[in-house]
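Shown next: data.txt, given as compact mmCIF, C-alpha atoms.
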# COMPACT_ATOMS: atom_id res chain seq x y z
CA MET A 1 0.00 0.00 0.00
CA SER A 2 1.40 3.35 -1.06
CA GLU A 3 0.99 6.17 1.46
CA SER A 4 0.53 8.75 -1.31
CA ALA A 5 -1.79 6.68 -3.52
CA PRO A 6 -5.53 7.37 -3.65
CA ALA A 7 -7.87 4.89 -2.01
CA PHE A 8 -9.40 3.96 -5.37
CA LEU A 9 -8.31 4.64 -8.91
CA ALA A 10 -10.04 3.58 -12.12
CA GLU A 11 -8.64 4.55 -15.51
CA ASN A 12 -10.57 4.06 -18.76
CA ILE A 13 -12.76 1.19 -17.55
CA SER A 14 -15.30 -0.40 -19.87
CA VAL A 15 -17.60 -3.34 -19.13
CA THR A 16 -19.85 -5.08 -21.64
CA PHE A 17 -22.66 -7.55 -20.89
CA GLY A 18 -23.70 -9.17 -24.15
CA THR A 19 -24.68 -6.26 -26.40
CA THR A 20 -24.99 -3.79 -23.52
CA GLN A 21 -22.07 -1.59 -22.56
CA ALA A 22 -22.45 -1.04 -18.81
CA LEU A 23 -19.39 1.21 -18.47
CA LYS A 24 -17.87 3.29 -21.25
CA GLY A 25 -14.28 4.29 -20.58
CA VAL A 26 -14.94 5.47 -17.02
CA SER A 27 -12.15 7.07 -14.99
CA LEU A 28 -12.51 7.93 -11.31
CA THR A 29 -10.25 8.78 -8.37
CA VAL A 30 -11.33 8.61 -4.73
CA GLU A 31 -8.87 10.00 -2.22
CA LYS A 32 -8.27 8.51 1.22
CA GLY A 33 -10.78 9.66 3.79
CA GLU A 34 -13.51 10.65 1.33
CA MET A 35 -17.14 9.56 1.58
CA VAL A 36 -18.47 9.44 -1.96
CA ALA A 37 -21.97 8.63 -3.20
CA LEU A 38 -22.36 6.93 -6.58
CA ILE A 39 -25.79 7.88 -7.88
CA GLY A 40 -27.74 7.53 -11.10
CA PRO A 41 -30.78 5.79 -12.58
CA SER A 42 -31.20 2.03 -12.63
CA GLY A 43 -28.77 0.44 -15.06
CA SER A 44 -26.45 3.45 -15.10
CA GLY A 45 -23.39 1.40 -14.16
CA LYS A 46 -22.82 2.50 -10.58
CA SER A 47 -22.92 -0.99 -9.05
CA THR A 48 -20.81 -2.35 -11.89
CA LEU A 49 -18.16 0.30 -11.23
CA LEU A 50 -18.06 -0.61 -7.54
CA ARG A 51 -17.73 -4.32 -8.28
CA VAL A 52 -14.98 -3.71 -10.86
CA GLY A 53 -13.15 -1.63 -8.28
CA ALA A 54 -13.22 -4.52 -5.82
CA GLY A 55 -12.23 -7.08 -8.44
CA LEU A 56 -15.60 -8.84 -8.24
CA GLN A 57 -16.35 -8.06 -11.90
CA LEU A 58 -13.87 -8.16 -14.76
CA ALA A 59 -13.61 -5.21 -17.09
CA ASP A 60 -13.30 -5.62 -20.86
CA ALA A 61 -9.96 -6.74 -22.25
CA THR A 62 -9.55 -3.34 -23.89
CA SER A 63 -9.89 -1.57 -20.54
CA GLY A 64 -7.32 0.21 -18.45
CA VAL A 65 -6.44 -0.38 -14.81
CA THR A 66 -8.01 -0.25 -11.36
CA ARG A 67 -6.07 0.14 -8.10
CA LEU A 68 -6.82 0.12 -4.39
CA PHE A 69 -4.40 2.14 -2.25
CA GLY A 70 -1.86 1.83 -5.05
CA ASP A 71 -2.13 -1.96 -5.35
CA ARG A 72 -3.28 -3.10 -8.79
CA VAL A 73 -6.60 -4.96 -8.85
CA GLN A 74 -7.00 -5.61 -12.57
CA GLU A 75 -5.67 -4.48 -15.89
CA ALA A 76 -6.86 -5.19 -19.44
CA GLY A 77 -9.65 -7.41 -18.12
CA LYS A 78 -7.42 -9.66 -15.99
CA LEU A 79 -7.03 -9.81 -12.23
CA SER A 80 -3.59 -8.92 -10.98
CA ARG A 81 -1.42 -11.32 -9.00
CA GLY A 82 -1.63 -9.11 -5.94
CA VAL A 83 -5.42 -8.82 -6.03
CA ARG A 84 -5.85 -10.68 -2.73
CA ARG A 85 -3.67 -8.16 -0.92
CA ALA A 86 -5.56 -5.31 -2.56
CA ARG A 87 -8.96 -6.76 -1.63
CA ALA A 88 -7.90 -7.23 1.98
CA GLN A 89 -7.86 -3.46 2.35
CA ILE A 90 -11.56 -3.02 1.59
CA GLY A 91 -14.77 -4.32 3.08
CA PHE A 92 -17.59 -4.89 0.60
CA ILE A 93 -21.14 -4.49 1.86
CA PHE A 94 -23.91 -5.92 -0.28
CA GLN A 95 -27.57 -4.99 -0.56
CA GLN A 96 -28.62 -8.43 0.70
CA PHE A 97 -26.21 -8.41 3.66
CA ASN A 98 -24.33 -11.64 2.72
CA LEU A 99 -24.28 -13.08 6.22
CA VAL A 100 -24.25 -16.85 6.75
CA LYS A 101 -27.83 -17.34 7.90
CA ARG A 102 -27.36 -20.53 9.92
CA ILE A 103 -24.61 -19.28 12.22
CA SER A 104 -24.63 -16.62 14.92
CA LEU A 105 -24.15 -12.93 14.36
CA TYR A 106 -20.94 -13.11 16.42
CA SER A 107 -19.55 -15.92 14.23
CA ASN A 108 -20.39 -13.95 11.09
CA VAL A 109 -18.55 -10.88 12.35
CA LEU A 110 -15.56 -12.98 13.40
CA LEU A 111 -15.21 -14.17 9.79
CA GLY A 112 -13.79 -10.75 9.00
CA ALA A 113 -10.50 -11.94 10.52
CA LEU A 114 -10.03 -14.78 7.99
CA GLY A 115 -7.99 -12.68 5.57
CA ARG A 116 -5.26 -12.18 8.19
CA MET A 117 -5.03 -15.84 9.24
CA PRO A 118 -3.33 -18.94 7.85
CA GLU A 119 -5.92 -20.94 5.94
CA TRP A 120 -5.70 -23.97 8.25
CA LYS A 121 -6.50 -21.86 11.30
CA GLY A 122 -9.52 -20.41 9.55
CA VAL A 123 -10.81 -23.87 8.61
CA LEU A 124 -10.47 -25.02 12.23
CA GLY A 125 -11.94 -21.83 13.61
CA ARG A 126 -8.86 -21.02 15.66
CA PHE A 127 -9.39 -17.32 16.06
CA SER A 128 -7.10 -15.45 18.41
CA PRO A 129 -8.37 -13.93 21.67
CA ALA A 130 -7.61 -10.51 20.16
CA ASP A 131 -9.84 -11.22 17.14
CA ARG A 132 -12.62 -12.54 19.38
CA LYS A 133 -12.47 -9.38 21.48
CA LYS A 134 -12.43 -7.22 18.36
CA ALA A 135 -15.58 -8.98 17.12
CA MET A 136 -17.45 -8.20 20.32
CA ASP A 137 -16.09 -4.64 20.41
CA SER A 138 -17.26 -4.12 16.83
CA LEU A 139 -20.74 -5.40 17.64
CA GLU A 140 -20.81 -3.02 20.58
CA ARG A 141 -19.70 -0.17 18.33
CA VAL A 142 -22.52 -0.74 15.85
CA GLY A 143 -25.07 -1.13 18.64
CA ILE A 144 -26.10 -4.78 18.34
CA ALA A 145 -23.87 -6.63 20.84
CA GLN A 146 -26.99 -7.94 22.60
CA TYR A 147 -27.78 -10.03 19.51
CA ALA A 148 -24.33 -11.64 19.26
CA GLY A 149 -25.64 -15.15 19.94
CA ASN A 150 -28.64 -14.91 17.62
CA ARG A 151 -28.64 -16.72 14.32
CA ALA A 152 -28.28 -14.26 11.45
CA ALA A 153 -31.48 -15.59 9.88
CA ASN A 154 -33.45 -14.36 12.90
CA LEU A 155 -32.24 -10.77 12.73
CA SER A 156 -33.90 -7.81 11.04
CA GLY A 157 -32.45 -6.38 7.84
CA GLY A 158 -31.03 -3.39 9.67
CA GLN A 159 -29.37 -5.59 12.28
CA GLN A 160 -27.87 -7.82 9.59
CA GLN A 161 -26.50 -4.83 7.70
CA ARG A 162 -24.91 -3.44 10.85
CA GLY A 163 -23.44 -6.89 11.41
CA ALA A 164 -21.94 -6.75 7.91
CA ILE A 165 -20.36 -3.39 8.78
CA ALA A 166 -18.99 -4.83 12.04
CA ARG A 167 -17.40 -7.62 9.99
CA THR A 168 -15.48 -5.06 7.93
CA MET A 169 -14.23 -3.53 11.18
CA VAL A 170 -12.86 -6.90 12.32
CA GLN A 171 -11.27 -7.21 8.89
CA GLY A 172 -9.43 -3.96 9.52
CA ALA A 173 -10.64 -2.52 6.22
CA GLN A 174 -9.22 0.85 5.21
CA ALA A 175 -12.15 1.45 2.86
CA ILE A 176 -15.75 0.30 2.65
CA PHE A 177 -17.51 -0.24 -0.68
CA ALA A 178 -21.25 -0.40 -0.02
CA ASP A 179 -23.55 -1.40 -2.88
CA GLU A 180 -27.10 -0.13 -2.20
CA PRO A 181 -26.70 -0.95 1.52
CA ILE A 182 -30.04 0.62 2.48
CA ALA A 183 -32.20 -0.46 -0.47
CA SER A 184 -33.90 -3.26 1.51
CA LEU A 185 -34.27 -1.34 4.78
CA ASP A 186 -37.02 0.70 6.39
CA PRO A 187 -36.32 4.45 6.79
CA VAL A 188 -35.17 4.23 10.42
CA SER A 189 -32.78 1.35 9.73
CA ALA A 190 -31.54 3.11 6.59
CA ARG A 191 -30.66 6.23 8.58
CA ASN A 192 -28.90 4.15 11.23
CA VAL A 193 -26.77 2.42 8.62
CA MET A 194 -25.85 5.67 6.87
CA LYS A 195 -25.03 7.34 10.21
CA LEU A 196 -22.76 4.43 11.04
CA LEU A 197 -20.93 4.67 7.71
CA GLN A 198 -20.56 8.42 8.23
CA GLU A 199 -19.18 7.87 11.74
CA LEU A 200 -16.60 5.37 10.52
CA ASN A 201 -15.58 7.84 7.83
CA GLU A 202 -15.33 10.90 10.06
CA GLU A 203 -14.03 9.34 13.29
CA ASP A 204 -11.90 6.46 11.95
CA GLY A 205 -10.83 7.95 8.63
CA ILE A 206 -12.21 5.01 6.66
CA THR A 207 -12.86 5.78 3.01
CA VAL A 208 -16.45 5.07 2.02
CA VAL A 209 -17.85 4.66 -1.50
CA VAL A 210 -21.57 3.96 -1.46
CA THR A 211 -24.08 3.47 -4.27
CA LEU A 212 -27.44 5.04 -3.50
CA HIS A 213 -30.74 5.31 -5.30
CA GLN A 214 -32.37 7.95 -3.11
CA VAL A 215 -30.60 11.27 -3.49
CA ASP A 216 -31.59 12.62 -0.08
CA TYR A 217 -29.22 10.19 1.62
CA ALA A 218 -26.39 11.29 -0.64
CA LEU A 219 -27.12 14.93 0.17
CA LYS A 220 -27.25 14.34 3.90
CA TYR A 221 -24.32 12.00 4.44
CA CYS A 222 -21.85 12.54 1.58
CA ARG A 223 -19.91 15.63 0.55
CA ARG A 224 -19.14 14.36 -2.94
CA ALA A 225 -21.37 12.71 -5.50
CA VAL A 226 -20.47 10.95 -8.73
CA ALA A 227 -23.43 10.48 -11.07
CA LEU A 228 -23.48 7.92 -13.85
CA LYS A 229 -25.89 7.66 -16.74
CA ALA A 230 -25.78 5.06 -19.51
CA GLY A 231 -22.32 3.94 -18.39
CA GLU A 232 -20.69 7.37 -18.28
CA ILE A 233 -19.92 9.86 -15.53
CA ILE A 234 -21.99 12.97 -16.13
CA TYR A 235 -21.43 14.70 -12.78
CA ASP A 236 -18.57 14.61 -10.28
CA GLY A 237 -18.60 17.27 -7.61
CA PRO A 238 -20.02 18.43 -4.28
CA THR A 239 -23.46 17.15 -3.37
CA ARG A 240 -24.58 20.74 -2.91
CA GLY A 241 -24.28 21.06 -6.68
CA LEU A 242 -27.11 18.56 -7.21
CA THR A 243 -29.74 21.11 -8.15
CA ARG A 244 -33.20 20.24 -9.46
CA GLU A 245 -32.02 20.90 -13.02
CA ARG A 246 -28.96 18.72 -12.54
CA LEU A 247 -31.04 15.87 -11.11
CA ILE A 248 -33.47 16.03 -14.04
CA GLU A 249 -30.45 15.76 -16.34
CA ILE A 250 -29.16 12.74 -14.40
CA TYR A 251 -32.39 10.83 -13.82
CA GLY A 252 -34.69 11.83 -16.66
CA ASP A 253 -37.93 9.88 -16.30
CA GLU A 254 -36.76 8.44 -12.96
CA TYR A 255 -36.51 11.92 -11.45
CA ILE A 256 -39.82 11.49 -9.63
CA ASP A 257 -38.37 8.48 -7.75
CA VAL A 258 -35.92 10.72 -5.89
CA MET A 259 -38.51 13.40 -5.14
CA ASP A 260 -41.29 13.50 -2.58
CA GLU A 261 -44.91 14.24 -3.41
CA GLU A 262 -44.36 17.94 -2.72
CA GLY A 263 -41.85 18.09 -5.56
CA GLU A 264 -38.91 18.49 -3.19
CA LEU A 265 -35.99 16.15 -2.71
CA ALA A 266 -37.14 12.95 -1.02
Will you turn the file into structure tokens for me?
Amino acid sequence: MSESAPAFLAENISVTFGTTQALKGVSLTVEKGEMVALIGPSGSGKSTLLRVGAGLQLADATSGVTRLFGDRVQEAGKLSRGVRRARAQIGFIFQQFNLVKRISLYSNVLLGALGRMPEWKGVLGRFSPADRKKAMDSLERVGIAQYAGNRAANLSGGQQQRGAIARTMVQGAQAIFADEPIASLDPVSARNVMKLLQELNEEDGITVVVTLHQVDYALKYCRRAVALKAGEIIYDGPTRGLTRERLIEIYGDEYIDVMDEEGELA
């Protein structure tokens, strides 16, 4: 990891699914310590960009390069040899939580330590006392320590998503990539999750890149927004620059979905 390198760098990234070009030569830099919202209408490419950045989706062979903290993730549509080291620096939070439903919340959070352990210890579940303490401390930090022994399947969506965030804390992630982390949550749980991500960004210096559908959350919790439309970046700047006219340009027919019934931002 380079001290001077940005947290995330994408240069000339294209992704094609069949006959659809999801990303068209996209370039983006996210500096360490930023909290950036990726916004745009459905199918704009924001989730694809996040997954390419984490090495979960391959770019086209004609594409450029992506890096995390200076470590190369992929180039010309191929994962780099050091991709595992690069991935270890980020925690990826999915819309559907991605917890193991049959095991306890505590055990799910503890899995964040696997990347730092020899494989045989992970298979045998030989977590260190320090990792076990960190798991409980992380659950305390996100406000759900009382549910540590509950099976993940028995938790609410908001509790599961906070558990997923706690897992990234045990991992020791320097950045969090969150792909529509509040899309399946009720408004109260959504605010709690966004507040937690904001706290980790502001108090711990963790870089956060989050894809969001509702613009009001981007306005409230993020200082910078990057808007995609039809696979291209059409806005990159402060969230305060997201005027009504700009949002109509970004969302077109979907504009009403990010507005309330009064015609104001939702």
Figure out the distance between atom CA of Leu28 of chain A and atom CA of Ala227 of chain A, please, to one decimal in Å.
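Spanning atom CA of Ala227 of chain A to atom CA of Leu28 of chain A is a straight-line distance of 11.2 Å.
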Determine, counting only C-alpha atoms, which protein, DNA and RNA residues have an atom within 8 Å of an atom of segment 171-180 of chain A; residues of the same chain fewer than 6 positions away are not included. Present the result as a PyMOL selection string.
chain A and resi 7+47+50+54+88-95+112-116+206-213
Please list as an NGL selection string every residue within 10 Å of segment 131-142 of chain A, counting all atoms listed in the file and excluding residues in the same chain fewer than 6 positions away.
:A and (105-114 or 148 or 159 or 161-172 or 192-193 or 196-197)
Find the residues near segment 230-236 of chain A: any atom within 12 Å, counting only C-alpha atoms, skip ones fewer than 3 places away on the same chain, and give them as a PyMOL selection string.
chain A and resi 12-17+20-30+36-49+223-227+239-243+246-247+249-252
Grab the residues selected above and save them as an mmCIF file, in the frame of the given file with C-alpha atoms.
data_model
loop_
_atom_site.group_PDB
_atom_site.id
_atom_site.type_symbol
_atom_site.label_atom_id
_atom_site.label_comp_id
_atom_site.auth_asym_id
_atom_site.auth_seq_id
_atom_site.Cartn_x
_atom_site.Cartn_y
_atom_site.Cartn_z
ATOM 1 C CA ASN A 12 -10.570 4.060 -18.760
ATOM 2 C CA ILE A 13 -12.760 1.190 -17.550
ATOM 3 C CA SER A 14 -15.300 -0.400 -19.870
ATOM 4 C CA VAL A 15 -17.600 -3.340 -19.130
ATOM 5 C CA THR A 16 -19.850 -5.080 -21.640
ATOM 6 C CA PHE A 17 -22.660 -7.550 -20.890
ATOM 7 C CA THR A 20 -24.990 -3.790 -23.520
ATOM 8 C CA GLN A 21 -22.070 -1.590 -22.560
ATOM 9 C CA ALA A 22 -22.450 -1.040 -18.810
ATOM 10 C CA LEU A 23 -19.390 1.210 -18.470
ATOM 11 C CA LYS A 24 -17.870 3.290 -21.250
ATOM 12 C CA GLY A 25 -14.280 4.290 -20.580
ATOM 13 C CA VAL A 26 -14.940 5.470 -17.020
ATOM 14 C CA SER A 27 -12.150 7.070 -14.990
ATOM 15 C CA LEU A 28 -12.510 7.930 -11.310
ATOM 16 C CA THR A 29 -10.250 8.780 -8.370
ATOM 17 C CA VAL A 30 -11.330 8.610 -4.730
ATOM 18 C CA VAL A 36 -18.470 9.440 -1.960
ATOM 19 C CA ALA A 37 -21.970 8.630 -3.200
ATOM 20 C CA LEU A 38 -22.360 6.930 -6.580
ATOM 21 C CA ILE A 39 -25.790 7.880 -7.880
ATOM 22 C CA GLY A 40 -27.740 7.530 -11.100
ATOM 23 C CA PRO A 41 -30.780 5.790 -12.580
ATOM 24 C CA SER A 42 -31.200 2.030 -12.630
ATOM 25 C CA GLY A 43 -28.770 0.440 -15.060
ATOM 26 C CA SER A 44 -26.450 3.450 -15.100
ATOM 27 C CA GLY A 45 -23.390 1.400 -14.160
ATOM 28 C CA LYS A 46 -22.820 2.500 -10.580
ATOM 29 C CA SER A 47 -22.920 -0.990 -9.050
ATOM 30 C CA THR A 48 -20.810 -2.350 -11.890
ATOM 31 C CA LEU A 49 -18.160 0.300 -11.230
ATOM 32 C CA ARG A 223 -19.910 15.630 0.550
ATOM 33 C CA ARG A 224 -19.140 14.360 -2.940
ATOM 34 C CA ALA A 225 -21.370 12.710 -5.500
ATOM 35 C CA VAL A 226 -20.470 10.950 -8.730
ATOM 36 C CA ALA A 227 -23.430 10.480 -11.070
ATOM 37 C CA THR A 239 -23.460 17.150 -3.370
ATOM 38 C CA ARG A 240 -24.580 20.740 -2.910
ATOM 39 C CA GLY A 241 -24.280 21.060 -6.680
ATOM 40 C CA LEU A 242 -27.110 18.560 -7.210
ATOM 41 C CA THR A 243 -29.740 21.110 -8.150
ATOM 42 C CA ARG A 246 -28.960 18.720 -12.540
ATOM 43 C CA LEU A 247 -31.040 15.870 -11.110
ATOM 44 C CA GLU A 249 -30.450 15.760 -16.340
ATOM 45 C CA ILE A 250 -29.160 12.740 -14.400
ATOM 46 C CA TYR A 251 -32.390 10.830 -13.820
ATOM 47 C CA GLY A 252 -34.690 11.830 -16.660
#
So which residues touch Ser80 of chain A within 12 Å, counting only C-alpha atoms, skipping near sequence neighbours fewer than 6 positions away, as a PDB file with C-alpha atoms, keeping the file's coordinate frame?
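Result saved to selection23.pdb:
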ATOM      1  CA  ALA A  54     -13.220  -4.520  -5.820  1.00  0.00           C
ATOM      2  CA  GLY A  55     -12.230  -7.080  -8.440  1.00  0.00           C
ATOM      3  CA  LEU A  58     -13.870  -8.160 -14.760  1.00  0.00           C
ATOM      4  CA  VAL A  65      -6.440  -0.380 -14.810  1.00  0.00           C
ATOM      5  CA  THR A  66      -8.010  -0.250 -11.360  1.00  0.00           C
ATOM      6  CA  ARG A  67      -6.070   0.140  -8.100  1.00  0.00           C
ATOM      7  CA  LEU A  68      -6.820   0.120  -4.390  1.00  0.00           C
ATOM      8  CA  ASP A  71      -2.130  -1.960  -5.350  1.00  0.00           C
ATOM      9  CA  ARG A  72      -3.280  -3.100  -8.790  1.00  0.00           C
ATOM     10  CA  VAL A  73      -6.600  -4.960  -8.850  1.00  0.00           C
ATOM     11  CA  GLN A  74      -7.000  -5.610 -12.570  1.00  0.00           C
ATOM     12  CA  ALA A  86      -5.560  -5.310  -2.560  1.00  0.00           C
ATOM     13  CA  ARG A  87      -8.960  -6.760  -1.630  1.00  0.00           C
TER      14      ARG A  87
END
Taking all atoms of segment 84-87 of chain A that the file lists and extending 6 Å past them on each side, where is the centre of the axis-aligned box and how long are its edges? Answer in Å to one decimal, as JSON.
{"center_x": -6.3, "center_y": -8.0, "center_z": -1.8, "size_x": 17.3, "size_y": 17.4, "size_z": 13.8}
I'd like to know which of A:Ala10, A:Lys32, A:Pro187, A:Gly149 is closest to Arg51 of chain A, using all atoms listed in the file.
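For Arg51 of chain A, the nearest of the given residues is A:Ala10.
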Tell me which of A:Gln214, A:Gly64, A:Glu11, A:Gly157 sits closest to Gln96 of chain A, counting all atoms listed in the file.
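Smallest separation from Gln96 of chain A among the options: A:Gly157.
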When you draw a straight line from atom CA of Asn201 of chain A to atom CA of Pro238 of chain A, how long is it in Å?
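That distance, rounded to one decimal, is 16.7 Å.
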For a test of reading the model, state the distance in Å between atom CA of Ile248 of chain A and atom CA of Leu228 of chain A, rounded to one decimal.
12.9 Å
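Take the candidates A:Leu124, A:Met35, A:Leu155, A:Ala145 and check each one against Gln198 of chain A using all atoms listed in the file; the shortest distance goes to A:Met35.
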